[in-house]
Amino acid sequence: MQAQINQNEKPNIVFILVDDLGWKDLGVQGSDYYLTPEIDKLAKEGVRFTNAYAANPVCSPTRASILTGMDPAHQKVNISNWIGAQKYEDRSGDELMQPRIADHLALDRITMAESLKANGYSTYFIGKWHLGETEEYWPENQGFDVNIAGWSRGNPGSFFSPYNNPRLEDGPDGEYLPFRLEREAISLLEKHTKQSNNPFFMYFSMYNVHTPIEAPENFIEIFKNRQEKLGLDSNGVYENDKGVKHRINQSDATYASMVWAMDSVVGSLMNKLEELGLDENTMVIFFSDNGGLSAPGYGVTSNKPLRGGKGWVYEGGIREPLIIKYPPLTDEDSNRVVEYPVISHDFFPTLVDVSGVDKKPDQQFSGISLKPILSSEEMPDRSLYWHYPHYSPQGGKPASVIRSGDWKLIHFYESGENELYNLNADPSESTNLASLKPELASSLEDDLMQYLKDIKAQFPKEK
């Protein structure tokens, strides 16, 4: 049965973006060590996407794609790497020169918040921004009525107060940031319910589970005990991939505690929406900005069976957990798993479609609306693209990617070589079929390069 949608009432929207959460970091996604009962519950109430992708294997580009609906490598966005990476580019050991990126999300790009605000929404930002190094580009100047904790930093410096954040007053010494931001979000919901009849858009962009890896000691003790119960190696187990060791087991007690805290915050938000009578008309989106951090140094999780992690264009670096709870769905439509591939620039056109807001005549989207698939309708076949012409701190190399159906081709710029995988038969990307299917590899490479030329993406250059 297809969902019946009330076209006369604009839904509230809560977008929860987690930082560095891996594809397998949830119980519902297959984790045996981490505990995420609240998010697992959300999945039963909504639609879970198993082939959902971030636009990039690092944070700022994906965040730009969510807020603009555009491929972040497009010349009109030009954020193909994390903002601040410029300080570390063109290292002496790198074979190629990395292209320069913008150090902010341009003010002339229409953001999701600006579009919703122009159509009667109250707009609230909470958490990590990382889309501008100076305050003229922070959330309050990009369409948000309220900005709590959003500024230039990509990590909080410390998860315990004092935070030294110009958009967040310090709490008592030792206050844990996730729970502080939870209280701020709940306070906003309560105030909005009392003071406004407008629909609202809350963009809760968590600092969890990014470095520094920190959590309350009592949480850590719980997961140390869980380690022993499950017989896990607390030091981690690693395998070598192109000279880089990646963690292949989930056993870090502090990281597990950060995941648990994140899950608790999500549960508190969902409970507050229900308590305030907002749950029946609030769309909830849960997503992550890039893959889990598996490389050593900060290798705290495993994305297995997916290959690689944050900073890599293999599946572990770009495939993300995605859950969407959409109130007009019937019981038959909820608790559903969707395998159709989607990407982070699909969110903006989806919200335009769901909320009925006006799209500007010259407004350009790289993504498409997911509203039909939420109601169990068919979606068009299409290819997805990624462009990461950079070296990542986690060992990733400059590359571009196309996924077309089950086929994924990665073009590496240092060697000029292609890797071709059938993701249906080989989700771990263990068998490179490029030499066995040269015509398919060449055709996909042609499609990929044409797309990048169309968006006028920048390419790495020889030194």
# chains A, B, ... in the order shown; residues from 1 in each chain; ligands from 1

call {"tool": "closest_atom_pairs", "arguments": {"of": "stretch 58-121 of chain A", "to": "stretch 388-401 of chain A", "cutoff": "12 Å", "atoms": "only C-alpha atoms", "output": "JSON lines"}}
result
{"residue": "A:Val58", "atom": "CA", "partner": "A:Ser392", "partner_atom": "CA", "distance": 8.3}
{"residue": "A:Cys59", "atom": "CA", "partner": "A:Ser392", "partner_atom": "CA", "distance": 11.5}
{"residue": "A:Pro61", "atom": "CA", "partner": "A:Tyr388", "partner_atom": "CA", "distance": 9.6}
{"residue": "A:Thr62", "atom": "CA", "partner": "A:Tyr388", "partner_atom": "CA", "distance": 11.4}
{"residue": "A:Asp71", "atom": "CA", "partner": "A:Tyr388", "partner_atom": "CA", "distance": 11.4}
{"residue": "A:Pro72", "atom": "CA", "partner": "A:Tyr388", "partner_atom": "CA", "distance": 9.9}
{"residue": "A:Ala73", "atom": "CA", "partner": "A:Tyr388", "partner_atom": "CA", "distance": 8.0}
{"residue": "A:His74", "atom": "CA", "partner": "A:Tyr388", "partner_atom": "CA", "distance": 11.7}
{"residue": "A:Asn78", "atom": "CA", "partner": "A:Tyr388", "partner_atom": "CA", "distance": 11.1}
{"residue": "A:Ile79", "atom": "CA", "partner": "A:Tyr388", "partner_atom": "CA", "distance": 9.8}
{"residue": "A:Ser80", "atom": "CA", "partner": "A:Tyr388", "partner_atom": "CA", "distance": 6.0}
{"residue": "A:Asn81", "atom": "CA", "partner": "A:His390", "partner_atom": "CA", "distance": 7.1}
{"residue": "A:Trp82", "atom": "CA", "partner": "A:Ser392", "partner_atom": "CA", "distance": 9.4}
{"residue": "A:Ala85", "atom": "CA", "partner": "A:Ser392", "partner_atom": "CA", "distance": 8.9}
{"residue": "A:Gln86", "atom": "CA", "partner": "A:His390", "partner_atom": "CA", "distance": 10.3}
{"residue": "A:Tyr88", "atom": "CA", "partner": "A:Pro393", "partner_atom": "CA", "distance": 9.1}
{"residue": "A:Glu89", "atom": "CA", "partner": "A:Tyr391", "partner_atom": "CA", "distance": 7.8}
{"residue": "A:Asp90", "atom": "CA", "partner": "A:Tyr391", "partner_atom": "CA", "distance": 8.9}
{"residue": "A:Arg91", "atom": "CA", "partner": "A:Tyr391", "partner_atom": "CA", "distance": 9.3}
{"residue": "A:Gly93", "atom": "CA", "partner": "A:Tyr391", "partner_atom": "CA", "distance": 10.6}
{"residue": "A:Asp94", "atom": "CA", "partner": "A:Tyr391", "partner_atom": "CA", "distance": 7.9}
{"residue": "A:Glu95", "atom": "CA", "partner": "A:Tyr391", "partner_atom": "CA", "distance": 9.9}
{"residue": "A:Leu96", "atom": "CA", "partner": "A:Pro398", "partner_atom": "CA", "distance": 8.4}
{"residue": "A:Met97", "atom": "CA", "partner": "A:His390", "partner_atom": "CA", "distance": 8.4}
{"residue": "A:Gln98", "atom": "CA", "partner": "A:His390", "partner_atom": "CA", "distance": 5.5}
{"residue": "A:Pro99", "atom": "CA", "partner": "A:Pro389", "partner_atom": "CA", "distance": 7.1}
{"residue": "A:Arg100", "atom": "CA", "partner": "A:His390", "partner_atom": "CA", "distance": 9.8}
{"residue": "A:Ile101", "atom": "CA", "partner": "A:His390", "partner_atom": "CA", "distance": 10.4}

call {"tool": "residues_around", "arguments": {"residues": "A:Leu131", "least_positions_apart": "2", "cutoff": "6 Å", "atoms": "only C-alpha atoms", "output": "PDB file with all heavy atoms, in the first residue's frame"}}
result
ATOM      1  N   HIS A 104      35.690  27.753   1.991  1.00  0.00           N
ATOM      2  CA  HIS A 104      34.373  28.003   2.581  1.00  0.00           C
ATOM      3  C   HIS A 104      33.286  27.600   1.592  1.00  0.00           C
ATOM      4  O   HIS A 104      33.554  27.458   0.386  1.00  0.00           O
ATOM      5  CB  HIS A 104      34.204  29.485   2.933  1.00  0.00           C
ATOM      6  CG  HIS A 104      34.292  30.389   1.737  1.00  0.00           C
ATOM      7  ND1 HIS A 104      35.479  30.899   1.276  1.00  0.00           N
ATOM      8  CD2 HIS A 104      33.334  30.847   0.878  1.00  0.00           C
ATOM      9  CE1 HIS A 104      35.263  31.643   0.203  1.00  0.00           C
ATOM     10  NE2 HIS A 104      33.971  31.620  -0.054  1.00  0.00           N
ATOM     11  N   LEU A 105      32.101  27.419   2.097  1.00  0.00           N
ATOM     12  CA  LEU A 105      30.924  27.233   1.253  1.00  0.00           C
ATOM     13  C   LEU A 105      30.460  28.609   0.812  1.00  0.00           C
ATOM     14  O   LEU A 105      30.104  29.449   1.637  1.00  0.00           O
ATOM     15  CB  LEU A 105      29.817  26.518   2.036  1.00  0.00           C
ATOM     16  CG  LEU A 105      28.509  26.267   1.284  1.00  0.00           C
ATOM     17  CD1 LEU A 105      28.733  25.377   0.077  1.00  0.00           C
ATOM     18  CD2 LEU A 105      27.473  25.641   2.221  1.00  0.00           C
ATOM     19  N   TRP A 129      30.188  22.339  11.985  1.00  0.00           N
ATOM     20  CA  TRP A 129      29.970  23.020  10.710  1.00  0.00           C
ATOM     21  C   TRP A 129      31.077  22.668   9.718  1.00  0.00           C
ATOM     22  O   TRP A 129      30.864  21.960   8.766  1.00  0.00           O
ATOM     23  CB  TRP A 129      29.898  24.526  10.940  1.00  0.00           C
ATOM     24  CG  TRP A 129      29.642  25.344   9.715  1.00  0.00           C
ATOM     25  CD1 TRP A 129      30.485  26.247   9.123  1.00  0.00           C
ATOM     26  CD2 TRP A 129      28.446  25.354   8.911  1.00  0.00           C
ATOM     27  NE1 TRP A 129      29.900  26.832   8.021  1.00  0.00           N
ATOM     28  CE2 TRP A 129      28.636  26.286   7.867  1.00  0.00           C
ATOM     29  CE3 TRP A 129      27.240  24.663   8.977  1.00  0.00           C
ATOM     30  CZ2 TRP A 129      27.673  26.540   6.899  1.00  0.00           C
ATOM     31  CZ3 TRP A 129      26.272  24.918   8.013  1.00  0.00           C
ATOM     32  CH2 TRP A 129      26.497  25.851   6.990  1.00  0.00           C
TER      33      TRP A 129
END

call {"tool": "residues_around", "arguments": {"residues": "A:Thr282", "least_positions_apart": "4", "cutoff": "10 Å", "atoms": "only C-alpha atoms", "output": "list in words"}}
result
Lys10, Pro11, Asn12, Ile13, Val14, Pro199, Phe200, Phe201, Met270, Leu273, Glu274, Gly277, Leu278, Lys325, Tyr326, Pro327 and Pro328 of chain A

call {"tool": "write_last_selection", "arguments": {"atoms": "all heavy atoms", "output": "short mmCIF file (atom, residue, chain, number, x, y, z; two decimals), in the first residue's frame"}}
result
data_model
loop_
_atom_site.label_atom_id
_atom_site.label_comp_id
_atom_site.auth_asym_id
_atom_site.auth_seq_id
_atom_site.Cartn_x
_atom_site.Cartn_y
_atom_site.Cartn_z
N LYS A 10 3.22 21.10 5.87
CA LYS A 10 4.65 20.89 5.67
C LYS A 10 5.22 20.14 6.86
O LYS A 10 4.98 20.51 8.01
CB LYS A 10 5.36 22.23 5.50
CG LYS A 10 4.96 22.98 4.23
CD LYS A 10 5.67 24.33 4.14
CE LYS A 10 5.27 25.05 2.86
NZ LYS A 10 5.91 26.39 2.76
N PRO A 11 6.01 19.11 6.60
CA PRO A 11 6.56 18.36 7.73
C PRO A 11 7.71 19.10 8.40
O PRO A 11 8.44 19.86 7.77
CB PRO A 11 7.08 17.08 7.04
CG PRO A 11 7.46 17.54 5.66
CD PRO A 11 6.43 18.58 5.29
N ASN A 12 7.85 18.88 9.70
CA ASN A 12 9.09 19.27 10.35
C ASN A 12 10.19 18.33 9.86
O ASN A 12 9.91 17.21 9.43
CB ASN A 12 8.96 19.14 11.88
CG ASN A 12 7.81 19.95 12.43
OD1 ASN A 12 7.69 21.14 12.15
ND2 ASN A 12 6.95 19.30 13.20
N ILE A 13 11.43 18.77 9.97
CA ILE A 13 12.55 17.95 9.49
C ILE A 13 13.65 17.96 10.54
O ILE A 13 14.10 19.02 10.99
CB ILE A 13 13.12 18.50 8.16
CG1 ILE A 13 12.04 18.49 7.07
CG2 ILE A 13 14.33 17.68 7.71
CD1 ILE A 13 12.36 19.39 5.90
N VAL A 14 14.09 16.78 10.94
CA VAL A 14 15.26 16.64 11.81
C VAL A 14 16.30 15.83 11.04
O VAL A 14 16.06 14.66 10.70
CB VAL A 14 14.92 15.93 13.14
CG1 VAL A 14 16.19 15.68 13.94
CG2 VAL A 14 13.94 16.77 13.95
N PRO A 199 6.64 25.28 10.69
CA PRO A 199 7.41 24.03 10.67
C PRO A 199 8.87 24.36 10.96
O PRO A 199 9.31 25.49 10.78
CB PRO A 199 7.21 23.52 9.24
CG PRO A 199 6.94 24.76 8.43
CD PRO A 199 6.19 25.69 9.35
N PHE A 200 9.64 23.38 11.40
CA PHE A 200 11.04 23.63 11.70
C PHE A 200 11.95 22.65 10.99
O PHE A 200 11.56 21.53 10.65
CB PHE A 200 11.31 23.59 13.21
CG PHE A 200 11.12 22.24 13.86
CD1 PHE A 200 12.14 21.28 13.83
CD2 PHE A 200 9.93 21.92 14.50
CE1 PHE A 200 11.97 20.05 14.42
CE2 PHE A 200 9.76 20.69 15.09
CZ PHE A 200 10.77 19.74 15.05
N PHE A 201 13.18 23.10 10.76
CA PHE A 201 14.25 22.28 10.22
C PHE A 201 15.39 22.31 11.23
O PHE A 201 15.97 23.36 11.48
CB PHE A 201 14.72 22.85 8.88
CG PHE A 201 16.00 22.24 8.35
CD1 PHE A 201 16.17 20.86 8.27
CD2 PHE A 201 17.04 23.06 7.91
CE1 PHE A 201 17.35 20.32 7.77
CE2 PHE A 201 18.22 22.53 7.41
CZ PHE A 201 18.38 21.16 7.35
N MET A 270 14.20 11.51 19.77
CA MET A 270 13.00 10.84 19.30
C MET A 270 11.93 10.84 20.40
O MET A 270 10.74 11.06 20.13
CB MET A 270 13.31 9.41 18.86
CG MET A 270 14.28 9.29 17.67
SD MET A 270 13.76 10.20 16.21
CE MET A 270 14.80 11.66 16.33
N LEU A 273 10.39 14.36 20.64
CA LEU A 273 9.45 14.61 19.54
C LEU A 273 8.10 13.97 19.85
O LEU A 273 7.04 14.57 19.63
CB LEU A 273 10.01 14.06 18.22
CG LEU A 273 11.19 14.79 17.61
CD1 LEU A 273 11.72 14.01 16.40
CD2 LEU A 273 10.81 16.20 17.17
N GLU A 274 8.13 12.75 20.39
CA GLU A 274 6.89 12.06 20.73
C GLU A 274 6.18 12.76 21.90
O GLU A 274 4.96 12.96 21.87
CB GLU A 274 7.19 10.61 21.08
CG GLU A 274 5.95 9.78 21.39
CD GLU A 274 6.26 8.33 21.62
OE1 GLU A 274 7.45 7.94 21.54
OE2 GLU A 274 5.32 7.56 21.90
N GLY A 277 4.34 15.76 20.83
CA GLY A 277 3.33 15.52 19.80
C GLY A 277 3.80 15.90 18.41
O GLY A 277 2.97 16.19 17.53
N LEU A 278 5.10 15.87 18.18
CA LEU A 278 5.66 16.28 16.89
C LEU A 278 6.03 15.09 16.01
O LEU A 278 6.32 15.27 14.82
CB LEU A 278 6.92 17.13 17.11
CG LEU A 278 6.74 18.43 17.89
CD1 LEU A 278 8.10 19.04 18.21
CD2 LEU A 278 5.90 19.41 17.07
N LYS A 325 12.98 8.20 8.43
CA LYS A 325 11.64 8.00 8.97
C LYS A 325 10.75 9.10 8.42
O LYS A 325 10.99 10.28 8.65
CB LYS A 325 11.66 8.05 10.49
CG LYS A 325 10.28 7.82 11.12
CD LYS A 325 10.33 7.93 12.64
CE LYS A 325 8.95 7.76 13.24
NZ LYS A 325 8.96 7.91 14.72
N TYR A 326 9.73 8.68 7.68
CA TYR A 326 8.87 9.63 6.98
C TYR A 326 7.43 9.38 7.42
O TYR A 326 6.83 8.36 7.03
CB TYR A 326 9.04 9.43 5.47
CG TYR A 326 8.33 10.41 4.59
CD1 TYR A 326 8.23 11.75 4.94
CD2 TYR A 326 7.79 10.00 3.38
CE1 TYR A 326 7.59 12.65 4.11
CE2 TYR A 326 7.15 10.90 2.54
CZ TYR A 326 7.05 12.22 2.91
OH TYR A 326 6.42 13.11 2.08
N PRO A 327 6.84 10.24 8.24
CA PRO A 327 5.56 9.95 8.88
C PRO A 327 4.43 9.51 7.96
O PRO A 327 3.62 8.68 8.38
CB PRO A 327 5.22 11.28 9.59
CG PRO A 327 6.55 11.86 9.89
CD PRO A 327 7.41 11.51 8.71
N PRO A 328 4.32 10.03 6.72
CA PRO A 328 3.21 9.55 5.90
C PRO A 328 3.29 8.08 5.51
O PRO A 328 2.33 7.53 4.99
CB PRO A 328 3.31 10.43 4.64
CG PRO A 328 4.00 11.66 5.08
CD PRO A 328 5.00 11.18 6.10
#

call {"tool": "residues_around", "arguments": {"residues": "A:Glu445", "least_positions_apart": "3", "cutoff": "9 Å", "atoms": "only C-alpha atoms", "output": "ChimeraX atom specification"}}
result
/A:401-402,409-411,418,440-442,448-450

call {"tool": "closest_residue", "arguments": {"among": "A:Ile16, A:Phe365, A:Asn249, A:Gly143", "to": "A:Ala118", "atoms": "only C-alpha atoms"}}
result
A:Gly143

call {"tool": "select_by_dssp", "arguments": {"residues": "stretch 88-329 of chain A", "states": "strand (DSSP E or B)", "output": "MDAnalysis selection string"}}
result
chainID A and resid 96:97 104 122:127 132 146:148 160 165 168 176 200:205 238:241 244:247 282:288 319:325

call {"tool": "residues_around", "arguments": {"residues": "A:Trp407", "least_positions_apart": "5", "cutoff": "7 Å", "atoms": "only C-alpha atoms", "output": "ChimeraX atom specification"}}
result
/A:421-423

call {"tool": "write_last_selection", "arguments": {"atoms": "N, CA and C atoms", "output": "PDB file, in the first residue's frame"}}
result
ATOM      1  N   TYR A 421      35.212  -3.443 -10.125  1.00  0.00           N
ATOM      2  CA  TYR A 421      34.624  -4.411  -9.202  1.00  0.00           C
ATOM      3  C   TYR A 421      33.132  -4.571  -9.471  1.00  0.00           C
ATOM      4  N   ASN A 422      32.661  -5.795  -9.265  1.00  0.00           N
ATOM      5  CA  ASN A 422      31.227  -6.055  -9.267  1.00  0.00           C
ATOM      6  C   ASN A 422      30.778  -6.090  -7.817  1.00  0.00           C
ATOM      7  N   LEU A 423      30.101  -5.044  -7.366  1.00  0.00           N
ATOM      8  CA  LEU A 423      29.772  -4.901  -5.950  1.00  0.00           C
ATOM      9  C   LEU A 423      28.730  -5.899  -5.480  1.00  0.00           C
TER      10      LEU A 423
END

call {"tool": "closest_atom_pairs", "arguments": {"of": "stretch 8-121 of chain A", "to": "stretch 214-231 of chain A", "cutoff": "12 Å", "atoms": "only C-alpha atoms", "output": "Markdown table"}}
result
| residue | atom | partner | partner_atom | distance |
| --- | --- | --- | --- | --- |
| A:Asp32 | CA | A:Leu230 | CA | 8.9 |
| A:Tyr33 | CA | A:Arg226 | CA | 7.6 |
| A:Tyr34 | CA | A:Phe223 | CA | 8.5 |
| A:Leu35 | CA | A:Phe223 | CA | 9.4 |

call {"tool": "write_last_selection", "arguments": {"atoms": "N, CA and C atoms", "output": "short mmCIF file (atom, residue, chain, number, x, y, z; two decimals), in the first residue's frame"}}
result
data_model
loop_
_atom_site.label_atom_id
_atom_site.label_comp_id
_atom_site.auth_asym_id
_atom_site.auth_seq_id
_atom_site.Cartn_x
_atom_site.Cartn_y
_atom_site.Cartn_z
N ASP A 32 28.43 -6.47 16.30
CA ASP A 32 28.19 -7.33 17.45
C ASP A 32 28.69 -6.71 18.75
N TYR A 33 29.54 -5.67 18.64
CA TYR A 33 30.15 -5.08 19.83
C TYR A 33 29.49 -3.78 20.25
N TYR A 34 29.25 -2.88 19.30
CA TYR A 34 28.63 -1.60 19.64
C TYR A 34 27.16 -1.81 19.97
N LEU A 35 26.64 -0.94 20.83
CA LEU A 35 25.24 -1.01 21.25
C LEU A 35 24.51 0.23 20.75
#

call {"tool": "closest_atom_pairs", "arguments": {"of": "stretch 24-140 of chain A", "to": "stretch 367-379 of chain A", "cutoff": "8 Å", "atoms": "only C-alpha atoms", "output": "JSON lines"}}
result
{"residue": "A:Val47", "atom": "CA", "partner": "A:Leu374", "partner_atom": "CA", "distance": 7.1}
{"residue": "A:Gly69", "atom": "CA", "partner": "A:Gly367", "partner_atom": "CA", "distance": 6.0}
{"residue": "A:Met70", "atom": "CA", "partner": "A:Gly367", "partner_atom": "CA", "distance": 6.7}
{"residue": "A:Asp71", "atom": "CA", "partner": "A:Gly367", "partner_atom": "CA", "distance": 7.9}

call {"tool": "closest_residue", "arguments": {"among": "A:Glu9, A:Asp454, A:Asp108, A:Glu439", "to": "A:Asn198", "atoms": "only C-alpha atoms"}}
result
A:Glu9

call {"tool": "residues_around", "arguments": {"residues": "A:Glu45", "least_positions_apart": "5", "cutoff": "10 Å", "atoms": "only C-alpha atoms", "output": "PyMOL selection string"}}
result
chain A and resi 39-40+323-327+329-331+333-336

call {"tool": "write_last_selection", "arguments": {"atoms": "N, CA, C and O atoms", "output": "mmCIF file, in the first residue's frame"}}
result
data_model
loop_
_atom_site.group_PDB
_atom_site.id
_atom_site.type_symbol
_atom_site.label_atom_id
_atom_site.label_comp_id
_atom_site.auth_asym_id
_atom_site.auth_seq_id
_atom_site.Cartn_x
_atom_site.Cartn_y
_atom_site.Cartn_z
ATOM 1 N N ILE A 39 18.848 3.689 17.657
ATOM 2 C CA ILE A 39 18.915 3.813 16.197
ATOM 3 C C ILE A 39 18.361 2.561 15.536
ATOM 4 O O ILE A 39 17.709 2.635 14.483
ATOM 5 N N ASP A 40 18.592 1.405 16.149
ATOM 6 C CA ASP A 40 17.990 0.177 15.629
ATOM 7 C C ASP A 40 16.461 0.287 15.644
ATOM 8 O O ASP A 40 15.782 -0.155 14.713
ATOM 9 N N ILE A 323 19.139 6.016 7.457
ATOM 10 C CA ILE A 323 17.774 5.679 7.864
ATOM 11 C C ILE A 323 16.913 6.922 7.673
ATOM 12 O O ILE A 323 17.315 8.024 8.070
ATOM 13 N N ILE A 324 15.762 6.767 7.062
ATOM 14 C CA ILE A 324 14.816 7.869 6.902
ATOM 15 C C ILE A 324 13.466 7.440 7.461
ATOM 16 O O ILE A 324 12.895 6.432 7.042
ATOM 17 N N LYS A 325 12.983 8.205 8.431
ATOM 18 C CA LYS A 325 11.642 7.997 8.969
ATOM 19 C C LYS A 325 10.749 9.096 8.420
ATOM 20 O O LYS A 325 10.989 10.277 8.649
ATOM 21 N N TYR A 326 9.726 8.682 7.678
ATOM 22 C CA TYR A 326 8.872 9.633 6.980
ATOM 23 C C TYR A 326 7.432 9.377 7.417
ATOM 24 O O TYR A 326 6.830 8.363 7.034
ATOM 25 N N PRO A 327 6.844 10.243 8.243
ATOM 26 C CA PRO A 327 5.558 9.953 8.882
ATOM 27 C C PRO A 327 4.430 9.515 7.958
ATOM 28 O O PRO A 327 3.620 8.677 8.376
ATOM 29 N N LEU A 329 4.422 7.415 5.775
ATOM 30 C CA LEU A 329 4.524 6.010 5.416
ATOM 31 C C LEU A 329 3.555 5.158 6.234
ATOM 32 O O LEU A 329 3.376 5.377 7.432
ATOM 33 N N THR A 330 2.991 4.167 5.586
ATOM 34 C CA THR A 330 2.138 3.215 6.283
ATOM 35 C C THR A 330 3.012 2.180 6.971
ATOM 36 O O THR A 330 4.220 2.111 6.777
ATOM 37 N N ASP A 331 2.390 1.344 7.794
ATOM 38 C CA ASP A 331 3.136 0.280 8.463
ATOM 39 C C ASP A 331 3.800 -0.646 7.448
ATOM 40 O O ASP A 331 4.880 -1.188 7.694
ATOM 41 N N ASP A 333 5.104 0.229 4.652
ATOM 42 C CA ASP A 333 6.261 0.879 4.051
ATOM 43 C C ASP A 333 7.416 1.033 5.027
ATOM 44 O O ASP A 333 8.561 1.194 4.622
ATOM 45 N N SER A 334 7.129 1.011 6.327
ATOM 46 C CA SER A 334 8.199 1.168 7.306
ATOM 47 C C SER A 334 8.889 -0.176 7.553
ATOM 48 O O SER A 334 8.449 -1.224 7.063
ATOM 49 N N ASN A 335 9.988 -0.130 8.330
ATOM 50 C CA ASN A 335 10.797 -1.319 8.612
ATOM 51 C C ASN A 335 11.187 -2.021 7.312
ATOM 52 O O ASN A 335 11.117 -3.245 7.187
ATOM 53 N N ARG A 336 11.611 -1.207 6.348
ATOM 54 C CA ARG A 336 11.922 -1.702 5.006
ATOM 55 C C ARG A 336 13.384 -1.433 4.690
ATOM 56 O O ARG A 336 13.957 -0.438 5.122
#

call {"tool": "decode", "arguments": {"residues": "stretch 313-325 of chain A", "atoms": "N, CA and C atoms", "output": "PDB file, in the first residue's frame"}}
result
ATOM      1  N   VAL A 313      38.561   5.779  -1.281  1.00  0.00           N
ATOM      2  CA  VAL A 313      37.371   5.728  -2.131  1.00  0.00           C
ATOM      3  C   VAL A 313      36.836   4.311  -2.296  1.00  0.00           C
ATOM      4  N   TYR A 314      37.435   3.347  -1.606  1.00  0.00           N
ATOM      5  CA  TYR A 314      36.800   2.037  -1.533  1.00  0.00           C
ATOM      6  C   TYR A 314      35.530   2.168  -0.693  1.00  0.00           C
ATOM      7  N   GLU A 315      34.694   1.126  -0.715  1.00  0.00           N
ATOM      8  CA  GLU A 315      33.363   1.206  -0.107  1.00  0.00           C
ATOM      9  C   GLU A 315      33.398   1.607   1.367  1.00  0.00           C
ATOM     10  N   GLY A 316      34.411   1.157   2.097  1.00  0.00           N
ATOM     11  CA  GLY A 316      34.488   1.495   3.508  1.00  0.00           C
ATOM     12  C   GLY A 316      34.670   2.969   3.785  1.00  0.00           C
ATOM     13  N   GLY A 317      35.115   3.724   2.779  1.00  0.00           N
ATOM     14  CA  GLY A 317      35.312   5.152   2.951  1.00  0.00           C
ATOM     15  C   GLY A 317      34.128   6.004   2.558  1.00  0.00           C
ATOM     16  N   ILE A 318      33.210   5.435   1.748  1.00  0.00           N
ATOM     17  CA  ILE A 318      32.126   6.253   1.207  1.00  0.00           C
ATOM     18  C   ILE A 318      30.723   5.688   1.439  1.00  0.00           C
ATOM     19  N   ARG A 319      30.599   4.400   1.720  1.00  0.00           N
ATOM     20  CA  ARG A 319      29.257   3.855   1.959  1.00  0.00           C
ATOM     21  C   ARG A 319      28.876   4.063   3.425  1.00  0.00           C
ATOM     22  N   GLU A 320      27.644   4.557   3.657  1.00  0.00           N
ATOM     23  CA  GLU A 320      27.243   5.020   4.986  1.00  0.00           C
ATOM     24  C   GLU A 320      25.921   4.400   5.439  1.00  0.00           C
ATOM     25  N   PRO A 321      25.717   4.340   6.750  1.00  0.00           N
ATOM     26  CA  PRO A 321      24.370   3.992   7.235  1.00  0.00           C
ATOM     27  C   PRO A 321      23.402   5.137   6.946  1.00  0.00           C
ATOM     28  N   LEU A 322      22.219   4.822   6.467  1.00  0.00           N
ATOM     29  CA  LEU A 322      21.183   5.830   6.215  1.00  0.00           C
ATOM     30  C   LEU A 322      19.832   5.270   6.621  1.00  0.00           C
ATOM     31  N   ILE A 323      19.139   6.016   7.457  1.00  0.00           N
ATOM     32  CA  ILE A 323      17.774   5.679   7.864  1.00  0.00           C
ATOM     33  C   ILE A 323      16.913   6.922   7.673  1.00  0.00           C
ATOM     34  N   ILE A 324      15.762   6.767   7.062  1.00  0.00           N
ATOM     35  CA  ILE A 324      14.816   7.869   6.902  1.00  0.00           C
ATOM     36  C   ILE A 324      13.466   7.440   7.461  1.00  0.00           C
ATOM     37  N   LYS A 325      12.983   8.205   8.431  1.00  0.00           N
ATOM     38  CA  LYS A 325      11.642   7.997   8.969  1.00  0.00           C
ATOM     39  C   LYS A 325      10.749   9.096   8.420  1.00  0.00           C
TER      40      LYS A 325
END
